[in-house]
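Coordinates as given in data23.csv (CSV, C-alpha atoms):
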```csv
chain,number,residue,atom,x,y,z
W,21,MET,CA,75.0,-122.3,24.0
W,22,LYS,CA,73.8,-125.9,24.2
W,23,LYS,CA,70.7,-125.0,22.3
W,24,ARG,CA,72.9,-123.5,19.5
W,25,ARG,CA,75.0,-126.7,19.4
W,26,ILE,CA,71.8,-128.9,19.2
W,27,MET,CA,70.5,-126.8,16.3
W,28,MET,CA,73.8,-127.0,14.5
W,29,SER,CA,73.9,-130.8,14.9
W,30,LEU,CA,70.3,-131.1,13.7
W,31,PHE,CA,70.8,-128.8,10.7
W,32,GLY,CA,74.1,-130.4,9.9
W,33,VAL,CA,72.7,-133.9,9.8
W,34,ILE,CA,69.7,-132.8,7.7
W,35,ILE,CA,71.8,-131.2,5.0
W,36,CYS,CA,74.2,-134.1,5.0
W,37,ALA,CA,71.2,-136.4,4.4
W,38,ILE,CA,70.0,-134.1,1.5
W,39,SER,CA,73.5,-134.2,0.0
W,40,VAL,CA,73.5,-138.1,0.0
W,41,GLY,CA,70.2,-138.0,-2.0
W,42,ILE,CA,71.8,-135.5,-4.4
W,43,PHE,CA,74.8,-137.9,-4.7
W,44,LYS,CA,72.5,-140.7,-5.6
W,45,ILE,CA,70.9,-138.7,-8.4
W,46,ALA,CA,74.4,-137.8,-9.7
W,47,ALA,CA,75.1,-141.5,-9.9
W,48,LEU,CA,78.9,-140.8,-10.0
W,49,GLY,CA,79.9,-142.5,-6.8
W,50,VAL,CA,79.0,-141.8,-3.1
W,51,ASP,CA,81.2,-141.6,0.0
W,52,PRO,CA,82.6,-144.9,1.2
W,53,PHE,CA,80.0,-145.7,3.9
W,54,GLN,CA,77.2,-144.8,1.5
W,55,SER,CA,78.7,-147.1,-1.1
W,56,LEU,CA,78.2,-150.0,1.4
W,57,MET,CA,74.7,-148.7,2.1
W,58,SER,CA,74.0,-148.6,-1.6
W,59,GLY,CA,75.1,-152.2,-2.0
W,60,LEU,CA,73.0,-153.3,0.9
W,61,ASP,CA,70.0,-151.3,-0.4
W,62,ALA,CA,70.2,-153.2,-3.8
W,63,LEU,CA,70.2,-156.5,-2.0
W,64,ILE,CA,67.8,-156.1,0.9
W,65,PRO,CA,64.1,-155.4,0.0
W,66,ILE,CA,63.3,-152.8,2.6
W,67,SER,CA,63.2,-149.0,2.4
W,68,PHE,CA,66.6,-147.2,2.5
W,69,GLY,CA,65.5,-145.2,5.5
W,70,THR,CA,64.7,-148.3,7.6
W,71,LEU,CA,67.8,-150.1,6.3
W,72,TYR,CA,70.0,-147.1,7.4
W,73,VAL,CA,68.5,-147.2,10.9
W,74,ILE,CA,69.1,-151.0,11.2
W,75,VAL,CA,72.7,-150.9,10.1
W,76,ASN,CA,73.6,-147.9,12.2
W,77,ALA,CA,71.8,-149.4,15.2
W,78,LEU,CA,74.2,-152.3,15.0
W,79,LEU,CA,77.1,-150.0,14.8
W,80,LEU,CA,75.7,-148.1,17.8
W,81,LEU,CA,75.6,-151.3,19.9
W,82,PHE,CA,79.3,-151.8,19.0
W,83,ALA,CA,80.2,-148.3,20.1
W,84,LEU,CA,78.1,-148.5,23.3
W,85,PHE,CA,80.0,-151.6,24.4
W,86,ALA,CA,83.4,-150.5,23.1
W,87,ASP,CA,83.5,-146.8,24.1
W,88,ARG,CA,80.4,-144.7,24.5
W,89,HIS,CA,82.5,-141.5,24.8
W,90,TYR,CA,81.8,-140.7,21.1
W,91,ILE,CA,78.0,-141.2,21.4
W,92,GLY,CA,75.8,-138.1,21.8
W,93,ILE,CA,72.7,-136.3,20.7
W,94,ALA,CA,74.1,-135.9,17.1
W,95,THR,CA,74.6,-139.7,16.9
W,96,PHE,CA,70.9,-140.3,17.5
W,97,ILE,CA,69.8,-137.5,15.2
W,98,ASN,CA,72.0,-139.0,12.5
W,99,LEU,CA,70.7,-142.5,13.2
W,100,PHE,CA,67.0,-141.8,13.0
W,101,LEU,CA,66.8,-138.9,10.5
W,102,LEU,CA,69.6,-139.3,7.9
W,103,GLY,CA,68.3,-142.4,6.1
W,104,TYR,CA,64.7,-141.2,5.8
W,105,ILE,CA,65.6,-137.7,4.6
W,106,THR,CA,68.0,-139.2,2.1
W,107,GLN,CA,65.3,-141.5,0.8
W,108,PHE,CA,62.8,-138.6,0.5
W,109,THR,CA,65.3,-136.3,-1.2
W,110,TYR,CA,66.3,-139.0,-3.7
W,111,GLU,CA,62.7,-140.0,-4.6
W,112,THR,CA,61.7,-136.3,-5.0
W,113,LEU,CA,64.7,-135.6,-7.3
W,114,GLN,CA,64.0,-138.7,-9.3
W,115,LYS,CA,60.6,-137.1,-10.2
W,116,ILE,CA,62.3,-133.9,-11.3
W,117,PHE,CA,65.3,-135.4,-13.1
W,118,VAL,CA,63.9,-138.6,-14.7
W,119,GLU,CA,67.0,-139.3,-16.8
W,120,PRO,CA,69.5,-136.6,-15.9
W,121,ALA,CA,72.1,-135.7,-18.6
W,122,MET,CA,75.8,-135.8,-17.7
W,123,PRO,CA,76.1,-132.0,-17.1
W,124,ILE,CA,73.2,-132.2,-14.6
W,125,ARG,CA,74.8,-135.2,-12.9
W,126,ILE,CA,78.1,-133.4,-12.6
W,127,ALA,CA,76.4,-130.3,-11.2
W,128,CYS,CA,74.6,-132.5,-8.7
W,129,LEU,CA,77.9,-134.1,-7.7
W,130,ILE,CA,79.5,-130.7,-7.1
W,131,ILE,CA,76.5,-129.5,-5.1
W,132,GLY,CA,76.4,-132.7,-3.1
W,133,ILE,CA,80.1,-132.4,-2.1
W,134,VAL,CA,79.7,-128.8,-1.0
W,135,ILE,CA,76.6,-129.5,1.0
W,136,ILE,CA,77.9,-132.6,2.7
W,137,CYS,CA,81.1,-130.7,3.8
W,138,ILE,CA,79.0,-127.8,5.2
W,139,GLY,CA,76.8,-130.2,7.1
W,140,SER,CA,79.7,-132.2,8.4
W,141,ALA,CA,81.4,-129.0,9.6
W,142,LEU,CA,78.3,-127.9,11.5
W,143,TYR,CA,77.6,-131.1,13.3
W,144,MET,CA,81.3,-131.9,14.0
W,145,THR,CA,81.9,-128.4,15.4
W,146,ALA,CA,78.8,-128.7,17.6
W,147,ASP,CA,80.6,-131.6,19.3
W,148,LEU,CA,77.6,-133.4,20.5
W,149,GLY,CA,78.6,-136.9,19.3
W,150,VAL,CA,79.6,-138.4,15.9
W,151,SER,CA,77.9,-140.8,13.5
W,152,THR,CA,78.2,-144.4,14.4
W,153,TYR,CA,80.4,-145.1,11.5
W,154,ASP,CA,82.8,-142.3,12.5
W,155,ALA,CA,82.8,-143.8,16.1
W,156,VAL,CA,84.1,-147.1,14.8
W,157,ALA,CA,87.3,-145.7,13.4
W,158,LEU,CA,87.8,-143.4,16.4
W,159,ILE,CA,87.4,-146.3,18.8
W,160,MET,CA,89.8,-148.5,16.8
W,161,ALA,CA,92.4,-145.7,16.7
W,162,ASN,CA,92.1,-144.0,20.1
W,163,LYS,CA,91.1,-146.9,22.4
W,164,TRP,CA,92.4,-150.0,20.7
W,165,LYS,CA,95.5,-148.2,19.5
W,166,ILE,CA,95.4,-150.0,16.1
W,167,GLY,CA,97.0,-147.1,14.4
W,168,GLN,CA,96.6,-143.4,13.6
W,169,PHE,CA,93.0,-142.3,13.0
W,170,LYS,CA,93.7,-141.3,9.4
W,171,PHE,CA,95.1,-144.7,8.5
W,172,VAL,CA,92.3,-146.6,10.4
W,173,ARG,CA,89.7,-144.4,8.6
W,174,ILE,CA,91.3,-145.2,5.2
W,175,ALA,CA,91.1,-148.9,6.1
W,176,THR,CA,87.4,-148.8,7.2
W,177,ASP,CA,86.6,-146.8,4.1
W,178,PHE,CA,88.3,-149.4,1.9
W,179,VAL,CA,86.4,-152.2,3.6
W,180,CYS,CA,83.1,-150.3,2.9
W,181,VAL,CA,83.9,-149.7,-0.7
W,182,ILE,CA,84.9,-153.3,-1.4
W,183,SER,CA,82.0,-154.7,0.6
W,184,GLY,CA,79.5,-152.4,-1.1
W,185,THR,CA,80.8,-153.4,-4.5
W,186,VAL,CA,80.6,-157.1,-3.7
W,187,VAL,CA,77.1,-156.9,-2.2
W,188,PHE,CA,76.0,-154.8,-5.2
W,189,LEU,CA,77.2,-157.5,-7.6
W,190,ILE,CA,75.6,-160.3,-5.5
W,191,SER,CA,72.3,-158.5,-5.6
W,192,GLY,CA,72.4,-158.7,-9.4
W,193,GLY,CA,74.0,-155.4,-10.2
W,194,HIS,CA,76.1,-155.1,-13.4
W,195,VAL,CA,79.8,-154.4,-13.5
W,196,LYS,CA,79.2,-151.4,-15.8
W,197,ASP,CA,77.0,-149.9,-13.1
W,198,ILE,CA,79.6,-150.0,-10.3
W,199,PRO,CA,80.7,-146.4,-11.0
W,200,THR,CA,77.3,-145.2,-9.9
W,201,ILE,CA,78.1,-146.2,-6.3
W,202,VAL,CA,81.9,-146.3,-6.4
W,203,GLY,CA,83.1,-143.7,-8.8
W,204,ILE,CA,84.7,-140.3,-9.1
W,205,GLY,CA,82.4,-139.0,-6.3
W,206,THR,CA,83.9,-141.7,-3.9
W,207,ILE,CA,87.5,-140.6,-4.8
W,208,ILE,CA,86.7,-136.9,-4.3
W,209,THR,CA,85.0,-137.4,-0.9
W,210,ALA,CA,87.9,-139.6,0.2
W,211,PHE,CA,90.6,-137.1,-0.6
W,212,PHE,CA,89.0,-133.7,-0.5
W,213,MET,CA,86.3,-133.8,2.2
W,214,GLY,CA,88.8,-133.2,5.0
W,215,PRO,CA,90.2,-129.9,3.7
W,216,LEU,CA,86.7,-128.7,2.6
W,217,ILE,CA,85.2,-129.5,6.0
W,218,GLU,CA,88.0,-127.5,7.6
W,219,PHE,CA,87.3,-124.6,5.2
W,220,PHE,CA,83.7,-124.5,6.2
W,221,ASN,CA,84.6,-124.9,9.9
W,222,ILE,CA,86.6,-121.7,9.6
W,223,LYS,CA,84.1,-119.8,7.5
W,224,ILE,CA,80.8,-120.9,8.9
W,225,ALA,CA,80.7,-123.4,11.8
W,226,ARG,CA,83.2,-121.9,14.3
W,227,PRO,CA,81.9,-118.3,13.8
W,228,LEU,CA,78.4,-119.5,14.5
W,229,LEU,CA,79.5,-121.2,17.7
W,230,ALA,CA,81.6,-118.2,18.7
W,231,GLY,CA,78.7,-115.9,18.1
W,232,ALA,CA,76.5,-118.0,20.4
W,233,ASP,CA,79.3,-118.1,23.1
W,234,LYS,CA,79.6,-114.3,22.9
W,235,GLN,CA,75.9,-113.8,23.2
W,236,SER,CA,75.7,-116.2,26.2
W,237,LYS,CA,78.4,-114.2,28.0
W,238,GLU,CA,76.7,-110.9,27.4
W,239,GLU,CA,73.5,-112.3,28.8
```

Hey, can you dump this file as structure tokens for me?
Amino acid sequence: MKKRRIMMSLFGVIICAISVGIFKIAALGVDPFQSLMSGLDALIPISFGTLYVIVNALLLLFALFADRHYIGIATFINLFLLGYITQFTYETLQKIFVEPAMPIRIACLIIGIVIICIGSALYMTADLGVSTYDAVALIMANKWKIGQFKFVRIATDFVCVISGTVVFLISGGHVKDIPTIVGIGTIITAFFMGPLIEFFNIKIARPLLAGADKQSKEE
């Protein structure tokens, strides 16, 4: 049972990372946390994978001091793998789609949304820890009692979007290019990821876990 949960966490994080690379190729906006990462990536001259590890390591320190309840195997899988897999996926797709036309970008956006929701459903259902960014909102809502999680998450997402935009402009980015990191994809992920993740929870993640539980009992 634990083995199945670990595999679900690992596979979930991997396909989430691939989806972020696809989002970046679509250039129609990424999820709120990745909009912050995109801004930082434009400003700081190191590889995206390494930058992702550094930023999430800082968030991990916060979570460890504030409430380590939400930290688990999946947290570390996310921390050390997601950034580098995203970087590899993006660089590979850049070679395939040098200057993608709008229909290809829209297709990439749709594929990215579906994949990130499947990945999120897998690693969340496995229940072996959450990403460091998810942990921040959970701690603020459940331990510090600042407000309901959904409202705290909206606030942290808003901070990420604004911060990512500001940092992107400071790095020399043009206003006309802002929709590539904060665009329609950002809006869709903000409003529709929840219901889609629940859909894939019901159709894929929970049946996988239930199958493992049944097999474990039979053995």

Which value, in Å to one decimal, gives the distance between CA of Asn76 (chain W) and CA of Phe43 (chain W)? 19.7 Å

Could you tell me how far CA of Cys128 (chain W) lies from CA of Val40 (chain W), in Å and to one decimal?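 The value is 10.4 Å.
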
Using all atoms listed in the file, determine which residues lie at most 8 Å from Lys44 (chain W), disregarding the query and same-chain residues fewer than 6 positions distant; provide the list as a list in words.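 Once the adjacent positions are removed, what remains is Val50, Tyr110, Thr200 and Ile201 of chain W.
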
Separating CA of Pro52 (chain W) from CA of Ile166 (chain W), to the nearest tenth of an Å, is a gap of 20.3 Å

Choose the residue, out of W:Ile198, W:Ile93, W:Val172, W:Leu84, that has the smallest atom-to-atom separation from Gly184 (chain W); count only C-alpha atoms.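 Smallest separation from Gly184 (chain W) among the options: W:Ile198.
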
Near Gly32 (chain W), counting all atoms listed in the file, which residues have an atom at most 6 Å away, once you skip same-chain residues fewer than 3 positions from it, shown as a PyMOL selection string? chain W and resi 28-29+35+139+142-143

For a cutoff of 12 Å around the file-coordinate point (88.0, -144.8, 7.3), which residues qualify once you count all atoms listed in the file? I'd like the result as a PyMOL selection string. chain W and resi 51-53+153-161+167-181+209-211+214

For region 215-224 of chain W, list every protein, DNA or RNA residue within 10 Å, evaluated using only C-alpha atoms, and leave out those in the same chain fewer than 6 positions away; present the list as a short mmCIF file (atom, residue, chain, number, x, y, z; two decimals) with C-alpha atoms, in the coordinates of the input.
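Produced file selection.cif, reproduced below:
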```cif
data_model
loop_
_atom_site.label_atom_id
_atom_site.label_comp_id
_atom_site.auth_asym_id
_atom_site.auth_seq_id
_atom_site.Cartn_x
_atom_site.Cartn_y
_atom_site.Cartn_z
CA ILE W 133 80.10 -132.40 -2.10
CA VAL W 134 79.70 -128.80 -1.00
CA ILE W 135 76.60 -129.50 1.00
CA ILE W 136 77.90 -132.60 2.70
CA CYS W 137 81.10 -130.70 3.80
CA ILE W 138 79.00 -127.80 5.20
CA GLY W 139 76.80 -130.20 7.10
CA SER W 140 79.70 -132.20 8.40
CA ALA W 141 81.40 -129.00 9.60
CA LEU W 142 78.30 -127.90 11.50
CA TYR W 143 77.60 -131.10 13.30
CA MET W 144 81.30 -131.90 14.00
CA THR W 145 81.90 -128.40 15.40
CA THR W 209 85.00 -137.40 -0.90
#
```

Please produce region 149-170 of chain W, completed to N, CA and C atoms, as a CSV table (one decimal), in the frame of the given file.
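Resulting contents of selection-v5.csv:
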```
chain,number,residue,atom,x,y,z
W,149,GLY,N,78.6,-135.5,19.7
W,149,GLY,CA,78.6,-136.9,19.3
W,149,GLY,C,78.9,-137.0,17.8
W,150,VAL,N,79.3,-138.1,17.4
W,150,VAL,CA,79.6,-138.4,15.9
W,150,VAL,C,78.7,-139.5,15.4
W,151,SER,N,78.7,-139.7,14.1
W,151,SER,CA,77.9,-140.8,13.5
W,151,SER,C,78.5,-142.1,14.0
W,152,THR,N,77.7,-143.1,14.0
W,152,THR,CA,78.2,-144.4,14.4
W,152,THR,C,79.3,-144.9,13.6
W,153,TYR,N,79.3,-144.6,12.3
W,153,TYR,CA,80.4,-145.1,11.5
W,153,TYR,C,81.7,-144.3,11.8
W,154,ASP,N,81.6,-143.0,12.1
W,154,ASP,CA,82.8,-142.3,12.5
W,154,ASP,C,83.3,-142.8,13.9
W,155,ALA,N,82.4,-143.2,14.7
W,155,ALA,CA,82.8,-143.8,16.1
W,155,ALA,C,83.6,-145.0,16.0
W,156,VAL,N,83.3,-145.9,15.0
W,156,VAL,CA,84.1,-147.1,14.8
W,156,VAL,C,85.5,-146.9,14.6
W,157,ALA,N,85.9,-146.0,13.7
W,157,ALA,CA,87.3,-145.7,13.4
W,157,ALA,C,87.9,-145.0,14.6
W,158,LEU,N,87.2,-144.1,15.3
W,158,LEU,CA,87.8,-143.4,16.4
W,158,LEU,C,88.1,-144.4,17.6
W,159,ILE,N,87.2,-145.3,17.8
W,159,ILE,CA,87.4,-146.3,18.8
W,159,ILE,C,88.6,-147.2,18.5
W,160,MET,N,88.7,-147.6,17.3
W,160,MET,CA,89.8,-148.5,16.8
W,160,MET,C,91.2,-147.7,16.9
W,161,ALA,N,91.1,-146.4,16.7
W,161,ALA,CA,92.4,-145.7,16.7
W,161,ALA,C,92.8,-145.2,18.1
W,162,ASN,N,91.8,-144.7,18.8
W,162,ASN,CA,92.1,-144.0,20.1
W,162,ASN,C,92.0,-144.9,21.3
W,163,LYS,N,91.2,-146.0,21.3
W,163,LYS,CA,91.1,-146.9,22.4
W,163,LYS,C,91.8,-148.2,22.2
W,164,TRP,N,91.7,-148.7,21.0
W,164,TRP,CA,92.4,-150.0,20.7
W,164,TRP,C,93.8,-149.8,20.2
W,165,LYS,N,94.1,-148.5,19.9
W,165,LYS,CA,95.5,-148.2,19.5
W,165,LYS,C,96.0,-149.0,18.3
W,166,ILE,N,95.1,-149.3,17.3
W,166,ILE,CA,95.4,-150.0,16.1
W,166,ILE,C,96.3,-149.2,15.2
W,167,GLY,N,96.2,-147.9,15.2
W,167,GLY,CA,97.0,-147.1,14.4
W,167,GLY,C,96.4,-145.7,14.4
W,168,GLN,N,97.1,-144.7,13.7
W,168,GLN,CA,96.6,-143.4,13.6
W,168,GLN,C,95.2,-143.3,13.0
W,169,PHE,N,94.4,-142.4,13.4
W,169,PHE,CA,93.0,-142.3,13.0
W,169,PHE,C,92.9,-142.2,11.4
W,170,LYS,N,93.8,-141.4,10.8
W,170,LYS,CA,93.7,-141.3,9.4
W,170,LYS,C,93.9,-142.6,8.6
```
